[in-house]
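One file, structure00.pdb, carrying PDB, C-alpha atoms:
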```pdb
ATOM      1  CA  MET H1297     118.143 -86.428 -30.125
ATOM      2  CA  ASN H1298     117.885 -89.408 -27.801
ATOM      3  CA  PRO H1299     118.509 -88.080 -24.245
ATOM      4  CA  TRP H1300     121.115 -90.793 -23.598
ATOM      5  CA  LEU H1301     123.020 -89.589 -26.637
ATOM      6  CA  THR H1302     122.807 -85.966 -25.462
ATOM      7  CA  VAL H1303     124.205 -86.918 -22.052
ATOM      8  CA  SER H1304     126.953 -88.957 -23.741
ATOM      9  CA  VAL H1305     127.965 -86.035 -25.962
ATOM     10  CA  ILE H1306     128.159 -83.778 -22.891
ATOM     11  CA  GLY H1307     130.180 -86.465 -21.086
ATOM     12  CA  ALA H1308     132.629 -86.810 -23.990
ATOM     13  CA  GLY H1309     132.955 -83.033 -24.354
ATOM     14  CA  THR H1310     133.535 -82.649 -20.625
ATOM     15  CA  TYR H1311     136.229 -85.338 -20.668
ATOM     16  CA  LEU H1312     137.996 -83.595 -23.558
ATOM     17  CA  ILE H1313     137.888 -80.288 -21.636
ATOM     18  CA  ARG H1314     139.440 -82.015 -18.618
ATOM     19  CA  LEU H1315     142.040 -83.786 -20.753
ATOM     20  CA  SER H1316     142.911 -80.729 -22.889
ATOM     21  CA  PHE H1317     146.133 -79.414 -21.376
ATOM     22  CA  ILE H1318     146.994 -82.491 -19.311
ATOM     23  CA  GLY H1319     146.894 -84.707 -22.406
ATOM     24  CA  ALA H1320     148.650 -82.254 -24.719
ATOM     25  CA  VAL H1321     152.046 -83.270 -26.055
ATOM     26  CA  GLY H1322     154.700 -80.689 -25.226
ATOM     27  CA  SER H1323     153.831 -77.678 -23.127
ATOM     28  CA  ARG H1324     151.040 -75.546 -24.447
ATOM     29  CA  ARG H1325     149.639 -72.417 -22.954
ATOM     30  CA  MET H1326     146.314 -70.795 -23.617
ATOM     31  CA  PRO H1327     146.159 -67.175 -24.807
ATOM     32  CA  PRO H1328     146.250 -64.744 -21.850
ATOM     33  CA  TRP H1329     142.842 -63.206 -22.674
ATOM     34  CA  PHE H1330     141.258 -66.669 -22.584
ATOM     35  CA  GLU H1331     142.904 -67.500 -19.290
ATOM     36  CA  ARG H1332     141.592 -64.233 -17.861
ATOM     37  CA  ALA H1333     138.058 -64.961 -19.045
ATOM     38  CA  LEU H1334     138.026 -68.476 -17.543
ATOM     39  CA  LYS H1335     138.535 -67.040 -14.060
ATOM     40  CA  TYR H1336     135.034 -65.586 -14.223
ATOM     41  CA  VAL H1337     133.222 -68.648 -15.557
ATOM     42  CA  GLY H1338     132.666 -69.996 -12.019
ATOM     43  CA  PRO H1339     131.007 -66.909 -10.470
ATOM     44  CA  ALA H1340     129.103 -66.040 -13.679
ATOM     45  CA  VAL H1341     127.702 -69.543 -14.199
ATOM     46  CA  LEU H1342     126.776 -70.176 -10.563
ATOM     47  CA  ALA H1343     125.012 -66.809 -10.358
ATOM     48  CA  ALA H1344     123.259 -67.353 -13.697
ATOM     49  CA  ILE H1345     121.856 -70.630 -12.351
ATOM     50  CA  SER H1346     120.974 -69.572  -8.797
ATOM     51  CA  ILE H1347     119.832 -65.915  -8.981
ATOM     52  CA  PRO H1348     116.925 -66.338 -11.464
ATOM     53  CA  ALA H1349     115.743 -69.454  -9.626
ATOM     54  CA  ILE H1350     115.646 -67.483  -6.376
ATOM     55  CA  LEU H1351     114.164 -64.187  -7.647
ATOM     56  CA  LEU H1352     111.494 -65.682  -9.904
ATOM     57  CA  ALA H1353     108.437 -67.390  -8.469
ATOM     58  CA  GLU H1354     106.182 -69.198 -10.944
ATOM     59  CA  GLY H1355     108.029 -67.459 -13.779
ATOM     60  CA  SER H1356     107.522 -63.876 -12.597
ATOM     61  CA  PHE H1357     109.715 -61.521 -10.595
ATOM     62  CA  ASP H1358     108.619 -61.568  -6.941
ATOM     63  CA  LEU H1359     110.499 -60.172  -3.919
ATOM     64  CA  THR H1360     107.680 -60.262  -1.358
ATOM     65  CA  PRO H1361     108.311 -62.528   1.658
ATOM     66  CA  ALA H1362     104.850 -64.082   1.410
ATOM     67  CA  GLY H1363     104.871 -64.648  -2.351
ATOM     68  CA  ASN H1364     108.496 -65.731  -2.577
ATOM     69  CA  PRO H1365     110.028 -66.696   0.795
ATOM     70  CA  GLU H1366     113.072 -68.074  -1.064
ATOM     71  CA  VAL H1367     114.453 -64.517  -1.337
ATOM     72  CA  LEU H1368     114.664 -64.025   2.459
ATOM     73  CA  ALA H1369     115.942 -67.567   2.971
ATOM     74  CA  SER H1370     118.665 -66.886   0.398
ATOM     75  CA  VAL H1371     119.708 -63.654   2.094
ATOM     76  CA  ALA H1372     120.121 -65.579   5.366
ATOM     77  CA  ALA H1373     121.966 -68.426   3.626
ATOM     78  CA  GLY H1374     124.152 -65.966   1.698
ATOM     79  CA  LEU H1375     125.266 -64.224   4.886
ATOM     80  CA  VAL H1376     126.085 -67.563   6.506
ATOM     81  CA  ALA H1377     127.990 -68.697   3.404
ATOM     82  CA  TRP H1378     129.971 -65.475   3.456
ATOM     83  CA  ARG H1379     130.905 -65.851   7.148
ATOM     84  CA  THR H1380     131.489 -69.623   7.312
ATOM     85  CA  ARG H1381     132.300 -70.669   3.714
ATOM     86  CA  ASN H1382     130.762 -73.965   4.758
ATOM     87  CA  ILE H1383     128.378 -75.574   2.262
ATOM     88  CA  ALA H1384     126.683 -77.900   4.753
ATOM     89  CA  ILE H1385     125.914 -75.136   7.298
ATOM     90  CA  THR H1386     124.721 -72.800   4.522
ATOM     91  CA  PHE H1387     122.418 -75.518   3.275
ATOM     92  CA  VAL H1388     120.896 -76.141   6.703
ATOM     93  CA  VAL H1389     120.343 -72.408   7.347
ATOM     94  CA  GLY H1390     118.783 -71.816   3.916
ATOM     95  CA  MET H1391     116.372 -74.749   4.061
ATOM     96  CA  GLY H1392     115.584 -74.096   7.738
ATOM     97  CA  THR H1393     114.775 -70.427   7.107
ATOM     98  CA  LEU H1394     112.529 -71.336   4.187
ATOM     99  CA  TRP H1395     110.606 -73.903   6.234
ATOM    100  CA  ILE H1396     110.139 -71.427   9.099
ATOM    101  CA  LEU H1397     108.920 -68.686   6.742
ATOM    102  CA  GLN H1398     106.508 -71.082   5.041
ATOM    103  CA  ALA H1399     105.126 -72.139   8.419
ATOM    104  CA  VAL H1400     104.755 -68.562   9.719
ATOM    105  CA  LEU H1401     103.627 -66.599   6.638
TER     106      LEU H1401
ATOM    107  CA  MET C 960     162.108 -97.143   8.444
ATOM    108  CA  THR C 961     160.013 -95.551   5.741
ATOM    109  CA  SER C 962     159.318 -98.312   3.275
ATOM    110  CA  GLN C 963     158.071 -97.751  -0.271
ATOM    111  CA  ALA C 964     154.736 -99.258   0.739
ATOM    112  CA  ALA C 965     154.325 -96.833   3.616
ATOM    113  CA  THR C 966     154.969 -93.871   1.309
ATOM    114  CA  GLU C 967     152.425 -95.150  -1.189
ATOM    115  CA  HIS C 968     149.899 -95.489   1.548
ATOM    116  CA  THR C 969     150.557 -91.944   2.728
ATOM    117  CA  GLY C 970     149.845 -90.342  -0.649
ATOM    118  CA  TRP C 971     146.418 -91.938  -1.055
ATOM    119  CA  ARG C 972     145.416 -91.410   2.538
ATOM    120  CA  ASP C 973     146.521 -87.766   2.560
ATOM    121  CA  GLY C 974     144.370 -87.133  -0.497
ATOM    122  CA  VAL C 975     141.303 -88.636   1.159
ATOM    123  CA  VAL C 976     141.950 -86.757   4.415
ATOM    124  CA  ALA C 977     142.402 -83.429   2.602
ATOM    125  CA  VAL C 978     139.097 -83.775   0.772
ATOM    126  CA  ALA C 979     137.087 -85.203   3.704
ATOM    127  CA  PRO C 980     135.615 -81.870   4.943
ATOM    128  CA  ILE C 981     134.458 -81.088   1.391
ATOM    129  CA  LEU C 982     132.704 -84.459   1.125
ATOM    130  CA  VAL C 983     130.279 -83.328   3.842
ATOM    131  CA  GLY C 984     129.141 -80.507   1.558
ATOM    132  CA  ILE C 985     128.829 -82.872  -1.432
ATOM    133  CA  VAL C 986     126.255 -85.026   0.364
ATOM    134  CA  PRO C 987     123.265 -82.636   0.153
ATOM    135  CA  PHE C 988     124.285 -81.602  -3.361
ATOM    136  CA  GLY C 989     124.295 -85.222  -4.571
ATOM    137  CA  LEU C 990     120.988 -86.002  -2.873
ATOM    138  CA  VAL C 991     119.381 -82.901  -4.388
ATOM    139  CA  PHE C 992     120.590 -83.788  -7.851
ATOM    140  CA  GLY C 993     119.308 -87.357  -7.532
ATOM    141  CA  VAL C 994     115.876 -86.204  -6.363
ATOM    142  CA  ALA C 995     115.691 -83.589  -9.135
ATOM    143  CA  ALA C 996     116.652 -86.180 -11.761
ATOM    144  CA  ALA C 997     114.151 -88.761 -10.528
ATOM    145  CA  ASP C 998     111.329 -86.212 -10.670
ATOM    146  CA  SER C 999     112.276 -84.952 -14.152
ATOM    147  CA  VAL C1000     111.335 -86.186 -17.615
ATOM    148  CA  ILE C1001     114.737 -87.818 -18.060
ATOM    149  CA  GLY C1002     114.101 -89.998 -15.024
ATOM    150  CA  GLY C1003     116.283 -91.585 -12.381
ATOM    151  CA  GLY C1004     118.055 -94.065 -14.670
ATOM    152  CA  LEU C1005     119.604 -91.569 -17.054
ATOM    153  CA  GLY C1006     119.897 -89.061 -14.209
ATOM    154  CA  TYR C1007     122.098 -91.451 -12.269
ATOM    155  CA  ALA C1008     123.976 -92.542 -15.407
ATOM    156  CA  SER C1009     124.976 -88.918 -15.929
ATOM    157  CA  SER C1010     126.886 -89.123 -12.631
ATOM    158  CA  ILE C1011     129.157 -91.652 -14.335
ATOM    159  CA  ILE C1012     129.070 -90.233 -17.875
ATOM    160  CA  ILE C1013     129.399 -86.509 -17.067
ATOM    161  CA  PHE C1014     130.491 -86.503 -13.396
ATOM    162  CA  ALA C1015     130.120 -82.718 -12.914
ATOM    163  CA  GLY C1016     127.301 -81.629 -10.597
ATOM    164  CA  ALA C1017     126.475 -78.148 -11.920
ATOM    165  CA  ALA C1018     126.441 -79.318 -15.538
ATOM    166  CA  GLN C1019     124.359 -82.397 -14.640
ATOM    167  CA  LEU C1020     121.760 -80.254 -12.890
ATOM    168  CA  ALA C1021     121.582 -77.741 -15.720
ATOM    169  CA  THR C1022     121.226 -80.635 -18.191
ATOM    170  CA  VAL C1023     118.320 -82.148 -16.252
ATOM    171  CA  ASP C1024     116.651 -78.739 -15.841
ATOM    172  CA  LEU C1025     116.952 -77.827 -19.511
ATOM    173  CA  MET C1026     115.811 -81.240 -20.766
ATOM    174  CA  ASN C1027     112.896 -81.007 -18.351
ATOM    175  CA  VAL C1028     111.652 -77.777 -19.940
ATOM    176  CA  GLY C1029     112.149 -79.192 -23.422
ATOM    177  CA  ALA C1030     115.164 -77.126 -24.468
ATOM    178  CA  ALA C1031     116.741 -77.899 -27.842
ATOM    179  CA  THR C1032     119.537 -80.485 -27.771
ATOM    180  CA  LEU C1033     122.100 -77.990 -29.011
ATOM    181  CA  VAL C1034     121.223 -75.551 -26.207
ATOM    182  CA  VAL C1035     121.487 -78.319 -23.584
ATOM    183  CA  ILE C1036     124.912 -79.408 -24.845
ATOM    184  CA  ALA C1037     126.260 -75.859 -25.273
ATOM    185  CA  THR C1038     125.080 -74.774 -21.818
ATOM    186  CA  ALA C1039     126.636 -77.806 -20.112
ATOM    187  CA  LEU C1040     129.945 -77.304 -21.907
ATOM    188  CA  VAL C1041     130.019 -73.569 -21.115
ATOM    189  CA  ILE C1042     129.516 -74.493 -17.445
ATOM    190  CA  ASN C1043     132.355 -77.023 -17.619
ATOM    191  CA  SER C1044     134.707 -74.781 -19.580
ATOM    192  CA  ARG C1045     136.160 -73.623 -16.252
ATOM    193  CA  MET C1046     137.914 -76.992 -16.100
ATOM    194  CA  LEU C1047     140.170 -75.911 -18.983
ATOM    195  CA  MET C1048     141.778 -73.677 -16.388
ATOM    196  CA  TYR C1049     142.320 -76.602 -14.015
ATOM    197  CA  SER C1050     143.687 -78.780 -16.811
ATOM    198  CA  ALA C1051     146.187 -76.058 -17.738
ATOM    199  CA  ALA C1052     147.297 -75.641 -14.123
ATOM    200  CA  LEU C1053     147.689 -79.398 -13.568
ATOM    201  CA  ALA C1054     149.462 -80.098 -16.872
ATOM    202  CA  PRO C1055     153.003 -79.285 -15.597
ATOM    203  CA  PRO C1056     152.837 -81.532 -12.486
ATOM    204  CA  PHE C1057     151.004 -84.294 -14.426
ATOM    205  CA  LYS C1058     153.771 -84.321 -17.081
ATOM    206  CA  ASP C1059     155.777 -86.642 -14.861
ATOM    207  CA  PHE C1060     152.921 -89.171 -14.448
ATOM    208  CA  PRO C1061     152.727 -92.408 -16.486
ATOM    209  CA  PRO C1062     150.773 -92.072 -19.802
ATOM    210  CA  ALA C1063     147.841 -94.178 -18.550
ATOM    211  CA  SER C1064     147.422 -91.888 -15.540
ATOM    212  CA  ARG C1065     147.471 -88.828 -17.761
ATOM    213  CA  LEU C1066     144.575 -90.312 -19.755
ATOM    214  CA  LEU C1067     142.499 -91.636 -16.844
ATOM    215  CA  LEU C1068     143.009 -89.072 -14.086
ATOM    216  CA  PRO C1069     141.454 -86.156 -16.044
ATOM    217  CA  TYR C1070     138.119 -88.016 -15.994
ATOM    218  CA  LEU C1071     138.118 -87.534 -12.213
ATOM    219  CA  LEU C1072     138.955 -83.818 -12.383
ATOM    220  CA  THR C1073     136.605 -81.636 -10.316
ATOM    221  CA  ASP C1074     136.742 -78.195  -8.677
ATOM    222  CA  GLN C1075     137.412 -79.834  -5.333
ATOM    223  CA  ALA C1076     140.085 -82.355  -6.449
ATOM    224  CA  PHE C1077     141.841 -79.517  -8.240
ATOM    225  CA  ALA C1078     141.726 -77.200  -5.229
ATOM    226  CA  VAL C1079     143.172 -79.650  -2.682
ATOM    227  CA  SER C1080     145.806 -81.014  -5.098
ATOM    228  CA  ILE C1081     147.194 -77.702  -6.303
ATOM    229  CA  ALA C1082     147.502 -76.589  -2.676
ATOM    230  CA  ARG C1083     149.452 -79.732  -1.733
ATOM    231  CA  TYR C1084     151.648 -79.606  -4.838
ATOM    232  CA  ALA C1085     153.080 -76.319  -3.592
ATOM    233  CA  ASP C1086     154.695 -78.266  -0.726
ATOM    234  CA  ILE C1087     155.546 -81.669  -2.220
ATOM    235  CA  ALA C1088     157.349 -82.218  -5.536
ATOM    236  CA  ASP C1089     157.565 -86.051  -5.593
ATOM    237  CA  PRO C1090     155.573 -87.156  -8.699
ATOM    238  CA  ALA C1091     154.558 -90.524  -7.198
ATOM    239  CA  TYR C1092     153.195 -88.833  -4.084
ATOM    240  CA  ARG C1093     151.442 -86.180  -6.165
ATOM    241  CA  ARG C1094     149.772 -88.804  -8.332
ATOM    242  CA  ARG C1095     148.533 -90.816  -5.357
ATOM    243  CA  PHE C1096     147.372 -87.708  -3.506
ATOM    244  CA  TYR C1097     145.264 -86.538  -6.451
ATOM    245  CA  THR C1098     143.945 -90.065  -7.063
ATOM    246  CA  GLY C1099     142.935 -90.523  -3.412
ATOM    247  CA  ALA C1100     141.144 -87.161  -3.261
ATOM    248  CA  ALA C1101     139.478 -87.544  -6.673
ATOM    249  CA  ILE C1102     138.242 -91.103  -6.075
ATOM    250  CA  ALA C1103     136.841 -90.159  -2.657
ATOM    251  CA  LEU C1104     134.837 -87.417  -4.389
ATOM    252  CA  TRP C1105     133.738 -89.751  -7.181
ATOM    253  CA  VAL C1106     132.526 -92.467  -4.793
ATOM    254  CA  THR C1107     130.684 -89.907  -2.647
ATOM    255  CA  TRP C1108     128.977 -88.438  -5.726
ATOM    256  CA  GLN C1109     127.914 -91.894  -6.963
ATOM    257  CA  ILE C1110     126.463 -92.951  -3.598
ATOM    258  CA  THR C1111     124.639 -89.677  -2.880
ATOM    259  CA  THR C1112     123.170 -89.184  -6.371
ATOM    260  CA  ALA C1113     122.036 -92.830  -6.475
ATOM    261  CA  THR C1114     120.435 -92.409  -3.052
ATOM    262  CA  GLY C1115     118.680 -89.246  -4.237
ATOM    263  CA  VAL C1116     117.319 -91.084  -7.279
ATOM    264  CA  LEU C1117     116.014 -93.918  -5.099
ATOM    265  CA  VAL C1118     114.210 -91.680  -2.583
ATOM    266  CA  GLY C1119     113.269 -89.059  -5.225
ATOM    267  CA  ALA C1120     109.587 -89.567  -5.827
ATOM    268  CA  GLN C1121     108.858 -90.089  -2.117
ATOM    269  CA  VAL C1122     109.960 -86.614  -1.067
ATOM    270  CA  PRO C1123     106.833 -84.555  -0.238
ATOM    271  CA  ASP C1124     106.353 -81.181  -2.000
ATOM    272  CA  SER C1125     106.025 -79.417   1.361
ATOM    273  CA  TRP C1126     109.775 -79.948   1.916
ATOM    274  CA  SER C1127     110.387 -77.458  -0.934
ATOM    275  CA  LEU C1128     113.379 -79.457  -2.049
ATOM    276  CA  ASP C1129     113.339 -77.681  -5.408
ATOM    277  CA  TYR C1130     114.764 -74.696  -3.513
ATOM    278  CA  ALA C1131     117.756 -76.847  -2.559
ATOM    279  CA  VAL C1132     119.126 -76.551  -6.102
ATOM    280  CA  PRO C1133     119.580 -72.741  -6.239
ATOM    281  CA  LEU C1134     120.579 -72.823  -2.566
ATOM    282  CA  MET C1135     123.376 -75.264  -3.360
ATOM    283  CA  PHE C1136     124.678 -73.059  -6.148
ATOM    284  CA  LEU C1137     124.468 -70.008  -3.902
ATOM    285  CA  ALA C1138     126.547 -71.850  -1.281
ATOM    286  CA  LEU C1139     129.180 -72.593  -3.940
ATOM    287  CA  LEU C1140     129.030 -69.064  -5.396
ATOM    288  CA  ILE C1141     129.558 -66.908  -2.299
ATOM    289  CA  PRO C1142     133.058 -68.238  -1.422
ATOM    290  CA  MET C1143     134.159 -67.473  -5.015
ATOM    291  CA  LEU C1144     133.449 -63.753  -4.594
ATOM    292  CA  THR C1145     136.970 -62.886  -3.508
ATOM    293  CA  SER C1146     137.626 -59.953  -5.842
ATOM    294  CA  ARG C1147     135.678 -57.008  -7.221
ATOM    295  CA  PRO C1148     135.652 -58.346 -10.820
ATOM    296  CA  ALA C1149     134.354 -61.699  -9.534
ATOM    297  CA  VAL C1150     131.467 -59.884  -7.802
ATOM    298  CA  VAL C1151     130.737 -57.975 -11.017
ATOM    299  CA  ALA C1152     130.775 -61.248 -13.007
ATOM    300  CA  ALA C1153     128.252 -62.763 -10.567
ATOM    301  CA  LEU C1154     125.947 -59.714 -10.443
ATOM    302  CA  VAL C1155     125.856 -59.323 -14.204
ATOM    303  CA  GLY C1156     125.583 -63.089 -14.800
ATOM    304  CA  GLY C1157     122.722 -63.447 -12.325
ATOM    305  CA  GLY C1158     121.019 -60.206 -13.380
ATOM    306  CA  ILE C1159     121.095 -60.892 -17.101
ATOM    307  CA  ALA C1160     120.013 -64.513 -16.612
ATOM    308  CA  THR C1161     117.036 -63.264 -14.560
ATOM    309  CA  VAL C1162     116.008 -60.665 -17.135
ATOM    310  CA  ALA C1163     116.581 -63.174 -19.953
ATOM    311  CA  HIS C1164     114.730 -66.040 -18.246
ATOM    312  CA  ALA C1165     112.104 -65.983 -20.981
ATOM    313  CA  ALA C1166     114.666 -65.802 -23.788
ATOM    314  CA  PRO C1167     113.898 -68.054 -26.751
ATOM    315  CA  TYR C1168     115.175 -71.640 -26.776
ATOM    316  CA  HIS C1169     115.955 -71.507 -23.017
ATOM    317  CA  THR C1170     119.226 -69.711 -23.701
ATOM    318  CA  GLY C1171     118.831 -67.404 -20.642
ATOM    319  CA  LEU C1172     121.358 -69.314 -18.525
ATOM    320  CA  MET C1173     123.962 -69.332 -21.283
ATOM    321  CA  ILE C1174     123.410 -65.652 -22.165
ATOM    322  CA  GLY C1175     123.695 -64.675 -18.491
ATOM    323  CA  ALA C1176     126.837 -66.765 -17.971
ATOM    324  CA  LEU C1177     128.605 -65.352 -21.033
ATOM    325  CA  ALA C1178     127.579 -61.770 -20.154
ATOM    326  CA  GLY C1179     128.939 -62.318 -16.631
ATOM    327  CA  VAL C1180     132.295 -63.533 -17.947
ATOM    328  CA  VAL C1181     132.602 -60.506 -20.271
ATOM    329  CA  ALA C1182     131.656 -58.152 -17.411
ATOM    330  CA  GLY C1183     134.247 -59.764 -15.116
ATOM    331  CA  VAL C1184     137.011 -59.277 -17.688
ATOM    332  CA  ALA C1185     135.911 -55.670 -18.302
ATOM    333  CA  ALA C1186     135.849 -54.954 -14.554
ATOM    334  CA  GLU C1187     139.354 -56.378 -14.212
ATOM    335  CA  ARG C1188     140.584 -54.041 -16.972
ATOM    336  CA  ILE C1189     139.009 -51.026 -15.300
ATOM    337  CA  THR C1190     140.192 -51.742 -11.752
ATOM    338  CA  ALA C1191     143.683 -52.889 -12.829
TER     339      ALA C1191
END
```
As structure tokens - that is how I would like this structure written.
Amino acid sequence: MNPWLTVSVIGAGTYLIRLSFIGAVGSRRMPPWFERALKYVGPAVLAAISIPAILLAEGSFDLTPAGNPEVLASVAAGLVAWRTRNIAITFVVGMGTLWILQAVL
Amino acid sequence: MTSQAATEHTGWRDGVVAVAPILVGIVPFGLVFGVAAADSVIGGGLGYASSIIIFAGAAQLATVDLMNVGAATLVVIATALVINSRMLMYSAALAPPFKDFPPASRLLLPYLLTDQAFAVSIARYADIADPAYRRRFYTGAAIALWVTWQITTATGVLVGAQVPDSWSLDYAVPLMFLALLIPMLTSRPAVVAALVGGGIATVAHAAPYHTGLMIGALAGVVAGVAAERITA
């Protein structure tokens, strides 16, 4: 499929998701099991995107500081995120740690 | 004297003020997405266009990543929509307060719905019941986010190819998601959802048709629900 079309389909689908309950006529509620499941979409999706990208280096599992300094940088960034809940500070600490490790190792 | 005009002004401005600290965090995210898009096979043009067409950072990044590795169209679409399915929850929560808005607003405002606009609005709605104020507050916050996303992703696209490899900016993508993830880990089932989602996605990274992300995400959701049942 043409990539523009793919992006447009995702855009239309995303709009319909956003519109779903707001645009519904009358008051509708989703089934309780579905509502419960949606709570975990955020943590599950964000982890499914970030964790493999951090743990894998060149497609293979690597936890060594020299081979994959992103792991240590992420531990530092994760601790800062946990304490500050501030995206900008977390970002600076993560990138900064990675640059230092790359310079030193 | 509180005139009608002054009240109108207050709603918009309060929305922008409430979302201002979050905008600071959006800046690196938008830049990273723009750079990633410019360096991918889809290119800066479509990459930036997705900021208007999709307007959802995590889904946009996953879309660029998957298209870049040549994933099947169906997998790209399904993954992006699974990522955005969380917004069903926001739509359901905002439906009661939005009921009192004019029909045009109820059609247009959902386009601007994001995690951040939802979070600041639902918090304010607990204190203020006036529908006109609520509508302007949401609109102010949501448009501030939209404008910030447009400017930062466009800037990222424009500087994209000039960023040297030694900056390791590709790490900025998982870092960004990690920064968004950690504050969500407020309950034991949420931690389980993240551990299982991340673990399975890592193990399944070589799954056929690039379905690892989707498999991990769905497994994480199931694990979160199961953990809630057990701990409850």
Contacts of Ala1120 of chain C at 12 Å (only C-alpha atoms; same-chain gap of 2+ positions) as number ranges by chain: C: 991, 993-999, 1002-1003, 1114-1118, 1122-1124, 1128
Taking only C-alpha atoms into account, what are the residues of chain H at most 8 Å from chain C, put as a compact mmCIF listing (two decimals) with C-alpha atoms, in the coordinates of the input?
```txt
# COMPACT_ATOMS: atom_id res chain seq x y z
CA MET H 1297 118.14 -86.43 -30.12
CA PRO H 1299 118.51 -88.08 -24.24
CA TRP H 1300 121.12 -90.79 -23.60
CA THR H 1302 122.81 -85.97 -25.46
CA VAL H 1303 124.20 -86.92 -22.05
CA SER H 1304 126.95 -88.96 -23.74
CA VAL H 1305 127.96 -86.04 -25.96
CA ILE H 1306 128.16 -83.78 -22.89
CA GLY H 1307 130.18 -86.46 -21.09
CA ALA H 1308 132.63 -86.81 -23.99
CA GLY H 1309 132.96 -83.03 -24.35
CA THR H 1310 133.54 -82.65 -20.62
CA TYR H 1311 136.23 -85.34 -20.67
CA ILE H 1313 137.89 -80.29 -21.64
CA ARG H 1314 139.44 -82.02 -18.62
CA LEU H 1315 142.04 -83.79 -20.75
CA SER H 1316 142.91 -80.73 -22.89
CA PHE H 1317 146.13 -79.41 -21.38
CA ILE H 1318 146.99 -82.49 -19.31
CA GLY H 1319 146.89 -84.71 -22.41
CA SER H 1323 153.83 -77.68 -23.13
CA ARG H 1325 149.64 -72.42 -22.95
CA MET H 1326 146.31 -70.80 -23.62
CA GLU H 1331 142.90 -67.50 -19.29
CA ARG H 1332 141.59 -64.23 -17.86
CA ALA H 1333 138.06 -64.96 -19.05
CA LEU H 1334 138.03 -68.48 -17.54
CA LYS H 1335 138.54 -67.04 -14.06
CA TYR H 1336 135.03 -65.59 -14.22
CA VAL H 1337 133.22 -68.65 -15.56
CA GLY H 1338 132.67 -70.00 -12.02
CA PRO H 1339 131.01 -66.91 -10.47
CA ALA H 1340 129.10 -66.04 -13.68
CA VAL H 1341 127.70 -69.54 -14.20
CA LEU H 1342 126.78 -70.18 -10.56
CA ALA H 1343 125.01 -66.81 -10.36
CA ALA H 1344 123.26 -67.35 -13.70
CA ILE H 1345 121.86 -70.63 -12.35
CA SER H 1346 120.97 -69.57 -8.80
CA ILE H 1347 119.83 -65.92 -8.98
CA PRO H 1348 116.92 -66.34 -11.46
CA ALA H 1349 115.74 -69.45 -9.63
CA ILE H 1350 115.65 -67.48 -6.38
CA LEU H 1351 114.16 -64.19 -7.65
CA LEU H 1352 111.49 -65.68 -9.90
CA GLU H 1366 113.07 -68.07 -1.06
CA SER H 1370 118.66 -66.89 0.40
CA ALA H 1373 121.97 -68.43 3.63
CA GLY H 1374 124.15 -65.97 1.70
CA ALA H 1377 127.99 -68.70 3.40
CA TRP H 1378 129.97 -65.47 3.46
CA ARG H 1381 132.30 -70.67 3.71
CA ASN H 1382 130.76 -73.96 4.76
CA ILE H 1383 128.38 -75.57 2.26
CA ALA H 1384 126.68 -77.90 4.75
CA THR H 1386 124.72 -72.80 4.52
CA PHE H 1387 122.42 -75.52 3.28
CA GLY H 1390 118.78 -71.82 3.92
CA MET H 1391 116.37 -74.75 4.06
CA TRP H 1395 110.61 -73.90 6.23
```
Output of the PyMOL selection byres ((chain C and resi 976-979) around 12), listed as an MDAnalysis selection string: chainID C and resid 969:975 980:986 1073:1083 1096:1105 1107
For the residues in that selection, give me C-alpha atoms as a tab-separated table (two decimals), in the frame of the given file.
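Contents of result-v4.tsv, freshly written:
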```
chain	number	residue	atom	x	y	z
C	969	THR	CA	150.56	-91.94	2.73
C	970	GLY	CA	149.84	-90.34	-0.65
C	971	TRP	CA	146.42	-91.94	-1.06
C	972	ARG	CA	145.42	-91.41	2.54
C	973	ASP	CA	146.52	-87.77	2.56
C	974	GLY	CA	144.37	-87.13	-0.50
C	975	VAL	CA	141.30	-88.64	1.16
C	980	PRO	CA	135.62	-81.87	4.94
C	981	ILE	CA	134.46	-81.09	1.39
C	982	LEU	CA	132.70	-84.46	1.12
C	983	VAL	CA	130.28	-83.33	3.84
C	984	GLY	CA	129.14	-80.51	1.56
C	985	ILE	CA	128.83	-82.87	-1.43
C	986	VAL	CA	126.26	-85.03	0.36
C	1073	THR	CA	136.60	-81.64	-10.32
C	1074	ASP	CA	136.74	-78.19	-8.68
C	1075	GLN	CA	137.41	-79.83	-5.33
C	1076	ALA	CA	140.08	-82.36	-6.45
C	1077	PHE	CA	141.84	-79.52	-8.24
C	1078	ALA	CA	141.73	-77.20	-5.23
C	1079	VAL	CA	143.17	-79.65	-2.68
C	1080	SER	CA	145.81	-81.01	-5.10
C	1081	ILE	CA	147.19	-77.70	-6.30
C	1082	ALA	CA	147.50	-76.59	-2.68
C	1083	ARG	CA	149.45	-79.73	-1.73
C	1096	PHE	CA	147.37	-87.71	-3.51
C	1097	TYR	CA	145.26	-86.54	-6.45
C	1098	THR	CA	143.94	-90.06	-7.06
C	1099	GLY	CA	142.94	-90.52	-3.41
C	1100	ALA	CA	141.14	-87.16	-3.26
C	1101	ALA	CA	139.48	-87.54	-6.67
C	1102	ILE	CA	138.24	-91.10	-6.08
C	1103	ALA	CA	136.84	-90.16	-2.66
C	1104	LEU	CA	134.84	-87.42	-4.39
C	1105	TRP	CA	133.74	-89.75	-7.18
C	1107	THR	CA	130.68	-89.91	-2.65
```
Length of the atom CA of Leu1312 of chain H to atom CA of Val1106 of chain C vector [Å]: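 Pair atom CA of Leu1312 of chain H / atom CA of Val1106 of chain C returns 21.5 Å.
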Between atom CA of Phe992 of chain C and atom CA of Leu1025 of chain C, measure the distance and give it in Å to one decimal.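 About the pair atom CA of Phe992 of chain C and atom CA of Leu1025 of chain C: they are 13.6 Å apart.
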Which centre and which edge lengths, in Å to one decimal, describe the axis-aligned box that holds all listed atoms of segment 1353-1364 of chain H after 3 Å is added on each side, as AutoDock Vina command-line options?
```
--center_x 107.7 --center_y -64.7 --center_z -6.1 --size_x 11.6 --size_y 15.0 --size_z 21.4
```
